[in-house]
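Remarks on the structure that follows.
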Amino acid sequence: METTADVALAPTPAPVLDCRWDVMSAACPSRQVLGRVADKWTMLVLSALSAEEVLRFSELRRRVEGVTQKVLTQTLRGLERDGLVNRTVYPTVPVTVEYRLTALGHSLAAAVSVIKAWAYAHIEELEAARDRYDQAAATRPPAGQAIRPAAR
């Protein structure tokens, strides 16, 4: 007999998408999209840009703590190439460069905000699971080593 707890724990089936793309196929271009979207720095830059109308490079670098100039530059170039970010250069001394999300970028930023909310809601559970795993791993033999039976 199925209880309400069983029903609540049952995984929700993924929606069936009717399209010509197959992310499981190595040749599918959607893998490139997922590579861009699933990148930590992409998500953080999109999140920072979604909170403001426009940000300069230096402002973005301050907001996204830990990102290097090189990685931020590469991330922004990729986002611009994919049509997610507009880059505007002003001929000042020094040159001023501003970044803003495109309509496509705003739609992706909305999805990123859902993932961010999920992370905030579940961080304690994830940390507890990591602690349990690490404690169990500390008592396991190293990978590749056979476990010897106890002497009789």
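We label chains A, B, ... in the order they appear in the structure tokens, count residues from 1 in each chain, and number ligands from 1 in the order shown.
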Next on the checklist: Need to verify the contact set: A:Ala111, 12 Å, only C-alpha atoms, exclusion of same-chain residues closer than 4 positions in sequence. Can you return it as a PyMOL selection string?
Outcome noted: chain A and resi 37-38+43+46-47+50+104-107+115-118
Checklist entry - Nearest to A:Arg62 among A:Arg130, A:Val45, A:Ser25, A:Pro141, with distances taken over only C-alpha atoms: which residue is it? => result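 Among the listed residues, A:Val45 lies closest to A:Arg62.
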Next on the checklist: DSSP on the backbone: which residues in chain A end up as alpha helix (DSSP H)? Give the answer as a count of residues only.
Outcome noted: 82
Checklist entry - Excluding same-chain residues fewer than 5 positions from stretch 66-69 of chain A, what lies within 10 Å of it counting only C-alpha atoms, as a PyMOL selection string? => result chain A and resi 41+44-45+57-58+60-61+74-75
Checklist entry - In terms of the shortest atom-to-atom distance over only C-alpha atoms, which of A:Ala121, A:Ala109, A:Ala138, A:Val54 is closest to A:Val97? => result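 With only C-alpha atoms as the atom set, the closest residue is A:Val54.
Take atom CA of A:Asn86 and atom CA of A:Glu98: the distance between them is 8.2 Å.
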